[in-house]
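A.B. asks: my_file-v1.pdb (PDB, C-alpha atoms) pasted underneath:
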```
ATOM      1  CA  MET A   1      14.473 -20.340  18.919
ATOM      2  CA  ARG A   2      18.160 -20.624  19.322
ATOM      3  CA  PRO A   3      19.119 -22.798  22.246
ATOM      4  CA  VAL A   4      19.839 -21.022  25.432
ATOM      5  CA  ALA A   5      23.544 -21.133  26.084
ATOM      6  CA  PRO A   6      24.772 -21.568  29.607
ATOM      7  CA  GLY A   7      26.313 -18.092  29.454
ATOM      8  CA  ASP A   8      23.054 -16.357  28.529
ATOM      9  CA  ALA A   9      21.499 -14.309  31.294
ATOM     10  CA  PRO A  10      17.779 -15.033  31.780
ATOM     11  CA  VAL A  11      16.912 -11.427  31.099
ATOM     12  CA  VAL A  12      18.691 -11.548  27.728
ATOM     13  CA  VAL A  13      16.726 -14.656  26.794
ATOM     14  CA  LEU A  14      13.498 -12.966  27.820
ATOM     15  CA  VAL A  15      14.301  -9.800  25.852
ATOM     16  CA  ARG A  16      15.232 -11.870  22.803
ATOM     17  CA  ARG A  17      11.961 -13.772  22.901
ATOM     18  CA  CYS A  18       9.960 -10.587  23.390
ATOM     19  CA  LEU A  19      11.701  -8.952  20.427
ATOM     20  CA  VAL A  20      10.916 -11.936  18.210
ATOM     21  CA  ALA A  21       7.308 -11.962  19.407
ATOM     22  CA  LEU A  22       6.984  -8.253  18.611
ATOM     23  CA  THR A  23       8.531  -8.875  15.188
ATOM     24  CA  VAL A  24       5.965 -11.568  14.427
ATOM     25  CA  ILE A  25       3.145  -9.313  15.642
ATOM     26  CA  GLY A  26       4.494  -6.506  13.460
ATOM     27  CA  ILE A  27       4.558  -8.758  10.404
ATOM     28  CA  LEU A  28       1.002  -9.982  10.957
ATOM     29  CA  ALA A  29      -0.345  -6.494  11.687
ATOM     30  CA  THR A  30       1.342  -5.003   8.623
ATOM     31  CA  ALA A  31      -0.005  -7.786   6.417
ATOM     32  CA  PHE A  32      -3.503  -7.170   7.755
ATOM     33  CA  GLU A  33      -3.225  -3.421   7.198
ATOM     34  CA  LEU A  34      -1.878  -3.797   3.656
ATOM     35  CA  ALA A  35      -4.588  -6.307   2.807
ATOM     36  CA  SER A  36      -7.378  -4.145   4.183
ATOM     37  CA  GLU A  37      -6.031  -1.179   2.203
ATOM     38  CA  ARG A  38      -5.915  -3.319  -0.976
ATOM     39  CA  HIS A  39      -2.304  -2.259  -1.318
ATOM     40  CA  TRP A  40      -1.676  -3.988  -4.659
ATOM     41  CA  ASN A  41      -2.886  -1.567  -7.323
ATOM     42  CA  SER A  42       0.516  -1.050  -8.912
ATOM     43  CA  LEU A  43       3.970  -2.594  -8.930
ATOM     44  CA  GLU A  44       5.193  -0.027  -6.428
ATOM     45  CA  GLN A  45       2.411  -0.993  -4.063
ATOM     46  CA  LEU A  46       3.785  -4.527  -4.029
ATOM     47  CA  ILE A  47       7.085  -3.388  -2.501
ATOM     48  CA  PRO A  48       5.844  -3.608   1.107
ATOM     49  CA  TRP A  49       4.555  -7.129   0.423
ATOM     50  CA  LEU A  50       8.020  -8.037  -0.824
ATOM     51  CA  ALA A  51       9.553  -6.454   2.257
ATOM     52  CA  LEU A  52       7.182  -8.487   4.418
ATOM     53  CA  ALA A  53       8.292 -11.668   2.650
ATOM     54  CA  VAL A  54      11.910 -10.727   3.318
ATOM     55  CA  LEU A  55      11.058 -10.141   6.975
ATOM     56  CA  ILE A  56       9.377 -13.534   7.213
ATOM     57  CA  VAL A  57      12.440 -15.211   5.724
ATOM     58  CA  ALA A  58      14.706 -13.331   8.124
ATOM     59  CA  THR A  59      12.537 -14.198  11.126
ATOM     60  CA  THR A  60      12.409 -17.848  10.092
ATOM     61  CA  LEU A  61      16.189 -17.891   9.765
ATOM     62  CA  PHE A  62      16.468 -16.367  13.200
ATOM     63  CA  LEU A  63      14.262 -19.032  14.696
ATOM     64  CA  LEU A  64      16.318 -21.852  13.233
ATOM     65  CA  PRO A  65      18.861 -23.408  15.530
ATOM     66  CA  GLY A  66      22.465 -22.283  15.162
ATOM     67  CA  GLU A  67      23.908 -18.866  14.483
ATOM     68  CA  ARG A  68      25.013 -19.321  10.912
ATOM     69  CA  GLY A  69      22.406 -17.015   9.480
ATOM     70  CA  THR A  70      22.999 -13.981  11.665
ATOM     71  CA  VAL A  71      24.780 -11.965   8.979
ATOM     72  CA  ILE A  72      22.093 -12.804   6.417
ATOM     73  CA  ILE A  73      19.369 -11.844   8.891
ATOM     74  CA  ARG A  74      21.021  -8.503   9.492
ATOM     75  CA  VAL A  75      21.450  -7.851   5.784
ATOM     76  CA  LEU A  76      17.794  -8.704   5.172
ATOM     77  CA  GLY A  77      16.813  -6.421   8.048
ATOM     78  CA  VAL A  78      18.775  -3.550   6.553
ATOM     79  CA  VAL A  79      17.110  -4.198   3.177
ATOM     80  CA  VAL A  80      13.699  -3.911   4.816
ATOM     81  CA  LEU A  81      14.807  -0.739   6.578
ATOM     82  CA  GLY A  82      15.723   0.689   3.191
ATOM     83  CA  ALA A  83      12.371  -0.329   1.725
ATOM     84  CA  SER A  84      10.654   1.309   4.670
ATOM     85  CA  GLY A  85      12.520   4.572   4.151
ATOM     86  CA  TYR A  86      11.715   4.485   0.464
ATOM     87  CA  GLY A  87       8.057   3.922   1.322
ATOM     88  CA  VAL A  88       7.927   6.990   3.548
ATOM     89  CA  LEU A  89       9.501   9.144   0.827
ATOM     90  CA  GLU A  90       7.217   7.670  -1.805
ATOM     91  CA  HIS A  91       4.130   8.406   0.272
ATOM     92  CA  ILE A  92       5.264  12.006   0.727
ATOM     93  CA  LEU A  93       5.878  12.293  -3.006
ATOM     94  CA  VAL A  94       2.452  10.846  -3.850
ATOM     95  CA  ASN A  95       0.812  13.394  -1.555
ATOM     96  CA  PHE A  96       2.930  16.155  -3.029
ATOM     97  CA  GLU A  97       1.870  15.278  -6.557
ATOM     98  CA  ALA A  98      -1.763  15.056  -5.488
ATOM     99  CA  GLY A  99      -1.791  18.666  -4.324
ATOM    100  CA  GLU A 100      -2.945  19.991  -7.677
ATOM    101  CA  LEU A 101      -5.896  17.580  -7.618
ATOM    102  CA  ASP A 102      -7.224  18.904  -4.316
ATOM    103  CA  GLN A 103     -10.048  21.348  -4.892
ATOM    104  CA  ARG A 104      -8.725  23.639  -2.131
ATOM    105  CA  PHE A 105      -5.362  24.033  -3.876
ATOM    106  CA  ALA A 106      -6.175  23.370  -7.543
ATOM    107  CA  ASP A 107      -5.735  27.003  -8.525
ATOM    108  CA  THR A 108      -2.871  27.926  -6.226
ATOM    109  CA  TRP A 109      -0.765  24.788  -5.883
ATOM    110  CA  ALA A 110       1.738  25.725  -8.570
ATOM    111  CA  SER A 111       2.374  29.104  -6.992
ATOM    112  CA  LEU A 112       2.820  27.885  -3.418
ATOM    113  CA  PRO A 113       6.358  27.882  -1.956
ATOM    114  CA  LEU A 114       8.051  24.494  -2.129
ATOM    115  CA  LEU A 115       8.396  24.318   1.638
ATOM    116  CA  GLU A 116       4.699  24.888   2.153
ATOM    117  CA  LYS A 117       3.785  22.261  -0.440
ATOM    118  CA  GLY A 118       6.181  19.851   1.235
ATOM    119  CA  TRP A 119       4.634  20.527   4.620
ATOM    120  CA  TYR A 120       1.147  19.875   3.278
ATOM    121  CA  ALA A 121       2.380  16.623   1.741
ATOM    122  CA  VAL A 122       4.174  15.443   4.892
ATOM    123  CA  THR A 123       1.196  16.229   7.100
ATOM    124  CA  LYS A 124      -1.219  14.609   4.591
ATOM    125  CA  THR A 125      -3.124  17.860   4.252
ATOM    126  CA  VAL A 126      -3.145  16.929   0.574
ATOM    127  CA  GLY A 127      -3.001  13.478  -0.933
ATOM    128  CA  PRO A 128      -4.209  10.048   0.076
ATOM    129  CA  ALA A 129      -1.054   8.389   1.426
ATOM    130  CA  PRO A 130      -0.414   7.986   5.171
ATOM    131  CA  THR A 131       3.070   9.410   5.401
ATOM    132  CA  LEU A 132       4.670   7.388   8.167
ATOM    133  CA  ALA A 133       2.769   4.127   7.654
ATOM    134  CA  PRO A 134       5.659   2.423   5.826
ATOM    135  CA  GLY A 135       7.775   3.137   8.897
ATOM    136  CA  VAL A 136       6.202   0.181  10.672
ATOM    137  CA  LEU A 137       8.159  -2.099   8.356
ATOM    138  CA  GLY A 138      11.372  -0.419   9.427
ATOM    139  CA  GLN A 139      10.380  -0.640  13.067
ATOM    140  CA  THR A 140       9.700  -4.366  12.730
ATOM    141  CA  ALA A 141      13.028  -4.872  10.985
ATOM    142  CA  LEU A 142      14.757  -2.963  13.779
ATOM    143  CA  LEU A 143      13.182  -5.268  16.352
ATOM    144  CA  LEU A 144      14.609  -8.262  14.525
ATOM    145  CA  LEU A 145      18.004  -6.595  14.225
ATOM    146  CA  LEU A 146      17.997  -5.954  17.963
ATOM    147  CA  ALA A 147      17.064  -9.579  18.558
ATOM    148  CA  THR A 148      20.132 -10.661  16.610
ATOM    149  CA  LEU A 149      22.256  -8.549  18.948
ATOM    150  CA  CYS A 150      20.832 -10.458  21.875
ATOM    151  CA  THR A 151      22.040 -13.748  20.424
ATOM    152  CA  THR A 152      25.694 -12.807  20.734
ATOM    153  CA  ARG A 153      27.156 -15.271  23.109
ATOM    154  CA  HIS A 154      29.389 -14.031  25.848
ATOM    155  CA  ARG A 155      32.213 -16.379  26.424
ATOM    156  CA  VAL A 156      32.015 -17.973  29.818
ATOM    157  CA  GLN A 157      35.126 -17.057  31.690
ATOM    158  CA  PRO A 158      36.759 -20.039  33.322
ATOM    159  CA  ASP A 159      36.762 -19.960  37.045
ATOM    160  CA  PRO A 160      39.994 -18.621  38.432
ATOM    161  CA  PRO A 161      42.112 -21.307  39.983
TER     162      PRO A 161
ATOM    163  CA  MET B 162      13.366 -24.859  24.520
ATOM    164  CA  ILE B 163      10.327 -23.252  25.997
ATOM    165  CA  PHE B 164       8.351 -22.971  22.743
ATOM    166  CA  ARG B 165       8.782 -24.522  19.346
ATOM    167  CA  PRO B 166      10.388 -22.112  16.921
ATOM    168  CA  ILE B 167       9.613 -23.879  13.688
ATOM    169  CA  ARG B 168       5.934 -24.063  14.516
ATOM    170  CA  LEU B 169       5.912 -20.394  15.401
ATOM    171  CA  ALA B 170       7.544 -19.486  12.109
ATOM    172  CA  ALA B 171       5.173 -21.732  10.173
ATOM    173  CA  ALA B 172       2.206 -20.237  11.984
ATOM    174  CA  SER B 173       3.404 -16.721  11.145
ATOM    175  CA  VAL B 174       3.799 -17.526   7.473
ATOM    176  CA  ALA B 175       0.427 -19.260   7.405
ATOM    177  CA  GLY B 176      -1.177 -16.291   9.127
ATOM    178  CA  VAL B 177       0.163 -13.840   6.576
ATOM    179  CA  LEU B 178      -0.935 -16.078   3.722
ATOM    180  CA  VAL B 179      -4.419 -16.465   5.178
ATOM    181  CA  LEU B 180      -4.745 -12.693   5.605
ATOM    182  CA  GLY B 181      -3.557 -12.071   2.086
ATOM    183  CA  LEU B 182      -5.833 -14.688   0.574
ATOM    184  CA  ALA B 183      -8.795 -13.496   2.571
ATOM    185  CA  ALA B 184      -8.238  -9.948   1.427
ATOM    186  CA  CYS B 185      -7.747 -11.091  -2.149
ATOM    187  CA  GLY B 186     -11.043 -12.920  -1.923
ATOM    188  CA  GLY B 187     -12.698  -9.791  -0.576
ATOM    189  CA  GLY B 188     -11.228  -7.761  -3.370
ATOM    190  CA  SER B 189     -12.428 -10.128  -5.989
ATOM    191  CA  THR B 190     -16.006  -9.546  -4.965
ATOM    192  CA  ASP B 191     -15.569  -5.991  -6.149
ATOM    193  CA  ALA B 192     -14.164  -7.111  -9.428
ATOM    194  CA  PRO B 193     -16.345  -7.117 -12.424
ATOM    195  CA  SER B 194     -17.163 -10.462 -13.848
ATOM    196  CA  ALA B 195     -16.666 -11.468 -17.409
ATOM    197  CA  ALA B 196     -19.602  -9.237 -18.136
ATOM    198  CA  ALA B 197     -17.295  -6.217 -18.141
ATOM    199  CA  PRO B 198     -17.491  -4.491 -21.466
ATOM    200  CA  SER B 199     -14.619  -5.298 -23.717
ATOM    201  CA  ALA B 200     -15.137  -2.459 -26.129
ATOM    202  CA  PRO B 201     -13.044   0.529 -25.088
ATOM    203  CA  VAL B 202     -15.438   3.167 -26.346
ATOM    204  CA  THR B 203     -19.153   3.361 -25.873
ATOM    205  CA  SER B 204     -20.575   5.864 -28.239
ATOM    206  CA  SER B 205     -23.536   7.780 -27.019
ATOM    207  CA  GLY B 206     -24.727   8.825 -30.408
ATOM    208  CA  SER B 207     -25.066  12.401 -31.494
ATOM    209  CA  GLY B 208     -26.530  13.810 -28.308
ATOM    210  CA  PRO B 209     -24.700  14.660 -25.119
ATOM    211  CA  THR B 210     -24.389  11.998 -22.472
ATOM    212  CA  THR B 211     -25.045  12.442 -18.800
ATOM    213  CA  THR B 212     -25.588   9.901 -16.105
ATOM    214  CA  GLY B 213     -28.396  10.082 -13.604
ATOM    215  CA  ALA B 214     -26.080  11.133 -10.801
ATOM    216  CA  THR B 215     -24.379  13.804 -12.799
ATOM    217  CA  THR B 216     -27.341  15.530 -14.324
ATOM    218  CA  GLY B 217     -26.794  19.229 -14.179
ATOM    219  CA  ALA B 218     -23.413  18.959 -12.491
ATOM    220  CA  ALA B 219     -21.036  17.747 -15.125
ATOM    221  CA  ALA B 220     -20.250  19.063 -18.527
ATOM    222  CA  PRO B 221     -21.818  16.978 -21.243
ATOM    223  CA  ALA B 222     -19.444  14.336 -22.505
ATOM    224  CA  ALA B 223     -19.254  13.572 -26.192
ATOM    225  CA  SER B 224     -18.583   9.911 -25.558
ATOM    226  CA  LYS B 225     -17.964   7.535 -22.738
ATOM    227  CA  VAL B 226     -15.004   5.252 -22.486
ATOM    228  CA  SER B 227     -14.734   2.121 -20.437
ATOM    229  CA  ALA B 228     -13.012   2.698 -17.110
ATOM    230  CA  ASN B 229     -12.099  -0.992 -17.120
ATOM    231  CA  THR B 230     -10.689  -1.521 -20.586
ATOM    232  CA  ALA B 231      -9.807   1.799 -22.212
ATOM    233  CA  SER B 232      -6.193   2.867 -22.321
ATOM    234  CA  GLU B 233      -4.912   5.663 -20.106
ATOM    235  CA  ASP B 234      -4.629   7.964 -23.113
ATOM    236  CA  GLU B 235      -8.194   7.242 -24.177
ATOM    237  CA  ILE B 236      -9.442   7.982 -20.680
ATOM    238  CA  ALA B 237      -7.391  11.177 -20.525
ATOM    239  CA  ALA B 238      -8.872  12.307 -23.852
ATOM    240  CA  ALA B 239     -12.387  11.552 -22.653
ATOM    241  CA  LEU B 240     -11.791  13.427 -19.410
ATOM    242  CA  GLU B 241     -10.365  16.375 -21.284
ATOM    243  CA  SER B 242     -13.399  16.543 -23.522
ATOM    244  CA  ALA B 243     -15.586  16.413 -20.410
ATOM    245  CA  GLY B 244     -13.848  19.539 -19.120
ATOM    246  CA  VAL B 245     -11.825  17.906 -16.343
ATOM    247  CA  SER B 246      -8.639  19.743 -15.415
ATOM    248  CA  ASN B 247      -5.464  17.637 -15.071
ATOM    249  CA  PRO B 248      -6.998  14.889 -17.215
ATOM    250  CA  GLU B 249      -3.755  12.889 -17.463
ATOM    251  CA  ARG B 250      -3.394  12.693 -13.687
ATOM    252  CA  TRP B 251      -6.996  11.650 -13.214
ATOM    253  CA  ALA B 252      -6.658   9.063 -15.970
ATOM    254  CA  GLU B 253      -3.734   7.586 -14.021
ATOM    255  CA  GLU B 254      -5.925   7.271 -10.968
ATOM    256  CA  VAL B 255      -8.774   5.729 -12.920
ATOM    257  CA  VAL B 256      -6.442   3.058 -14.277
ATOM    258  CA  GLU B 257      -4.837   2.463 -10.880
ATOM    259  CA  TYR B 258      -8.052   1.567  -9.119
ATOM    260  CA  ARG B 259      -9.278  -0.935 -11.700
ATOM    261  CA  PRO B 260     -11.288  -3.100 -11.944
ATOM    262  CA  TYR B 261     -14.714  -1.542 -11.514
ATOM    263  CA  PRO B 262     -17.902  -3.559 -11.083
ATOM    264  CA  ALA B 263     -19.761  -3.900 -14.361
ATOM    265  CA  ASP B 264     -23.101  -3.612 -12.594
ATOM    266  CA  ASP B 265     -22.363  -0.152 -11.168
ATOM    267  CA  PRO B 266     -22.889   2.486 -13.868
ATOM    268  CA  ASN B 267     -22.397   5.229 -11.278
ATOM    269  CA  LEU B 268     -18.851   3.939 -10.613
ATOM    270  CA  GLY B 269     -19.185   4.015  -6.846
ATOM    271  CA  LYS B 270     -15.808   2.371  -6.346
ATOM    272  CA  LEU B 271     -14.114   5.023  -8.457
ATOM    273  CA  ARG B 272     -15.930   7.817  -6.634
ATOM    274  CA  GLN B 273     -14.829   6.353  -3.315
ATOM    275  CA  ASN B 274     -11.188   6.219  -4.392
ATOM    276  CA  LEU B 275     -11.199   9.647  -6.006
ATOM    277  CA  ALA B 276     -12.609  11.130  -2.807
ATOM    278  CA  LYS B 277      -9.225  10.475  -1.148
ATOM    279  CA  TYR B 278      -7.846  13.291  -3.295
ATOM    280  CA  ASN B 279     -10.572  15.755  -2.303
ATOM    281  CA  PRO B 280     -11.347  16.765  -5.895
ATOM    282  CA  GLY B 281     -14.765  18.212  -5.095
ATOM    283  CA  GLN B 282     -18.159  16.982  -6.201
ATOM    284  CA  GLU B 283     -18.137  18.823  -9.525
ATOM    285  CA  THR B 284     -14.833  17.337 -10.679
ATOM    286  CA  THR B 285     -15.865  13.860  -9.539
ATOM    287  CA  ASP B 286     -19.122  14.130 -11.447
ATOM    288  CA  LYS B 287     -17.293  15.302 -14.561
ATOM    289  CA  ILE B 288     -14.899  12.377 -14.369
ATOM    290  CA  VAL B 289     -17.653   9.831 -13.870
ATOM    291  CA  SER B 290     -19.742  11.396 -16.637
ATOM    292  CA  ALA B 291     -16.987  10.555 -19.114
ATOM    293  CA  LEU B 292     -16.691   6.934 -18.038
ATOM    294  CA  ALA B 293     -18.660   3.739 -18.103
ATOM    295  CA  PRO B 294     -17.768   0.509 -16.337
TER     296      PRO B 294
END
```
Just dump the structure as structure tokens.
C.D. replies:
Amino acid sequence: MRPVAPGDAPVVVLVRRCLVALTVIGILATAFELASERHWNSLEQLIPWLALAVLIVATTLFLLPGERGTVIIRVLGVVVLGASGYGVLEHILVNFEAGELDQRFADTWASLPLLEKGWYAVTKTVGPAPTLAPGVLGQTALLLLLATLCTTRHRVQPDPP
Amino acid sequence: MIFRPIRLAAASVAGVLVLGLAACGGGSTDAPSAAAPSAPVTSSGSGPTTTGATTGAAAPAASKVSANTASEDEIAAALESAGVSNPERWAEEVVEYRPYPADDPNLGKLRQNLAKYNPGQETTDKIVSALAP
């Protein structure tokens, strides 16, 4: 953890540590979930593992002393956010494409309005993919990004003479 | 410093690795051993082929292909000849969920994964009737 500067308010330090703790919990929980889902059946399914690795690197950088890596941490966080958004869209698309395989819609899927098919895909009425599950990666990255905001030092104003 | 950051980071990385390795180990128990058939096509001779679980439910398949080693096109062709609709899409799924245990002729793992798509019992039986581990 970065050293506590004299200008840091105790509450900022506490919030920063809580954000990092939540980030670590998010990483561990996501890894457990991906592993239990055997999320490695294709190259695309390895993307969240890659994003997790990026998050681990970013978190490790954050925990190192000094503030030299803040920009890199933020860039890595944004990359993970992007991967998370892609994951949500990909899950919706997978469900959408699985509509024709569902016995309830096999005969009618092609004739359904696009909006209705999209709704079924988003709500996982059809398809196997949990739509918002990849969002947890983005949420974890956001926690780390917020933690980097807490590290900004406020210059200590000199006492007036 | 109240707690040691490097140790925390190392513990996090180690935790993720342990989870991943543990899950990999669990997954490998499902994997077929070297006993998996290497030949892509198992001919059933001149008569129609049905498995015990699919008797009466699936259309007779002319031949079975290996779910573990056959190409996606071969699987799609086998599924088509078994009367499965959308054979290319189902072949994709069959390939995606490899490997299948060699000692499970009923392809329980495949059935479990196909169930996520809600294909119905008849379609599942047709798919499995065209495949062998």
A.B. asks: Give the residues of chain A that lie within 9 Å of chain B; count all atoms listed in the file, and format the answer as JSON, numbers by chain.
C.D. replies: {"A": [1, 2, 3, 4, 24, 25, 27, 28, 29, 31, 32, 34, 35, 36, 38, 41, 42, 53, 56, 59, 60, 63, 64, 65, 95, 98, 99, 100, 101, 102, 103, 104, 106, 126, 127, 128, 129]}
A.B. asks: Which one is closest to A:Leu76: A:Leu46, A:Tyr120, A:Leu145, A:Val13? Count all atoms listed in the file.
C.D. replies: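 Checking each of A:Leu46, A:Tyr120, A:Leu145, A:Val13 against A:Leu76, counting all atoms listed in the file, the winner is A:Leu145.
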A.B. asks: I'd like to know which of A:Glu67, A:Glu44, A:Glu116, A:Asp107 is closest to A:Gly87, using only C-alpha atoms.
C.D. replies: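 Closest candidate: A:Glu44.
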A.B. asks: Pick the closest to A:Leu52 from A:Glu37, A:Gly69, A:Val122, A:Val79: which is it, counting all atoms listed in the file?
C.D. replies: A:Val79
A.B. asks: Might you pull out every residue within 10 Å of A:Cys150, with all atoms listed in the file counted and same-chain residues fewer than 5 positions away left off, and present them as an NGL selection string?
C.D. replies: :A and (8 or 12-17 or 19 or 144-145)
A.B. asks: So the first atom is atom CA of B:Pro262 and the second is atom CA of B:Ala238; what is the distance between them in Å, to one decimal place?
C.D. replies: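 Taking atom CA of B:Pro262 as the start and atom CA of B:Ala238 as the end point, the length is 22.3 Å.
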A.B. asks: Quick one: residues within 12 Å of A:Gly118, only C-alpha atoms, excluding same-chain residues fewer than 4 positions away - as a PyMOL selection string?
C.D. replies: chain A and resi 89+91-99+109+112-114+122-127+131
A.B. asks: In Å, with one decimal, what is the gap from atom CA of A:Gly85 to atom CA of A:Leu115?
C.D. replies: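 It comes out at 20.3 Å.
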A.B. asks: Could you tell me which residues the PyMOL selection byres ((chain B and resi 234) around 12) returns for this structure, as a list of chain:residue names?
C.D. replies: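 Checking the PyMOL selection byres ((chain B and resi 234) around 12) against this file, the residues are B:Pro201, B:Val226, B:Ser227, B:Ala228, B:Thr230, B:Ala231, B:Ser232, B:Glu233, B:Glu235, B:Ile236, B:Ala237, B:Ala238, B:Ala239, B:Leu240, B:Glu241, B:Pro248, B:Glu249, B:Arg250, B:Trp251, B:Ala252, B:Glu253, B:Val255, B:Val256.
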A.B. asks: Find the distance between atom CA of B:Ala263 and atom CA of B:Thr285 and write it in Å to one decimal.
C.D. replies: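 Going from atom CA of B:Ala263 over to atom CA of B:Thr285 covers 18.8 Å.
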A.B. asks: Return as lines of an AutoDock Vina configuration file the box centre and box size in Å, one decimal, for an axis-aligned box around all listed atoms of stretch 257-272 of chain B padded by 6 Å per side.
C.D. replies:
```
center_x = -14.0
center_y = 2.0
center_z = -10.4
size_x = 30.3
size_y = 23.7
size_z = 20.0
```
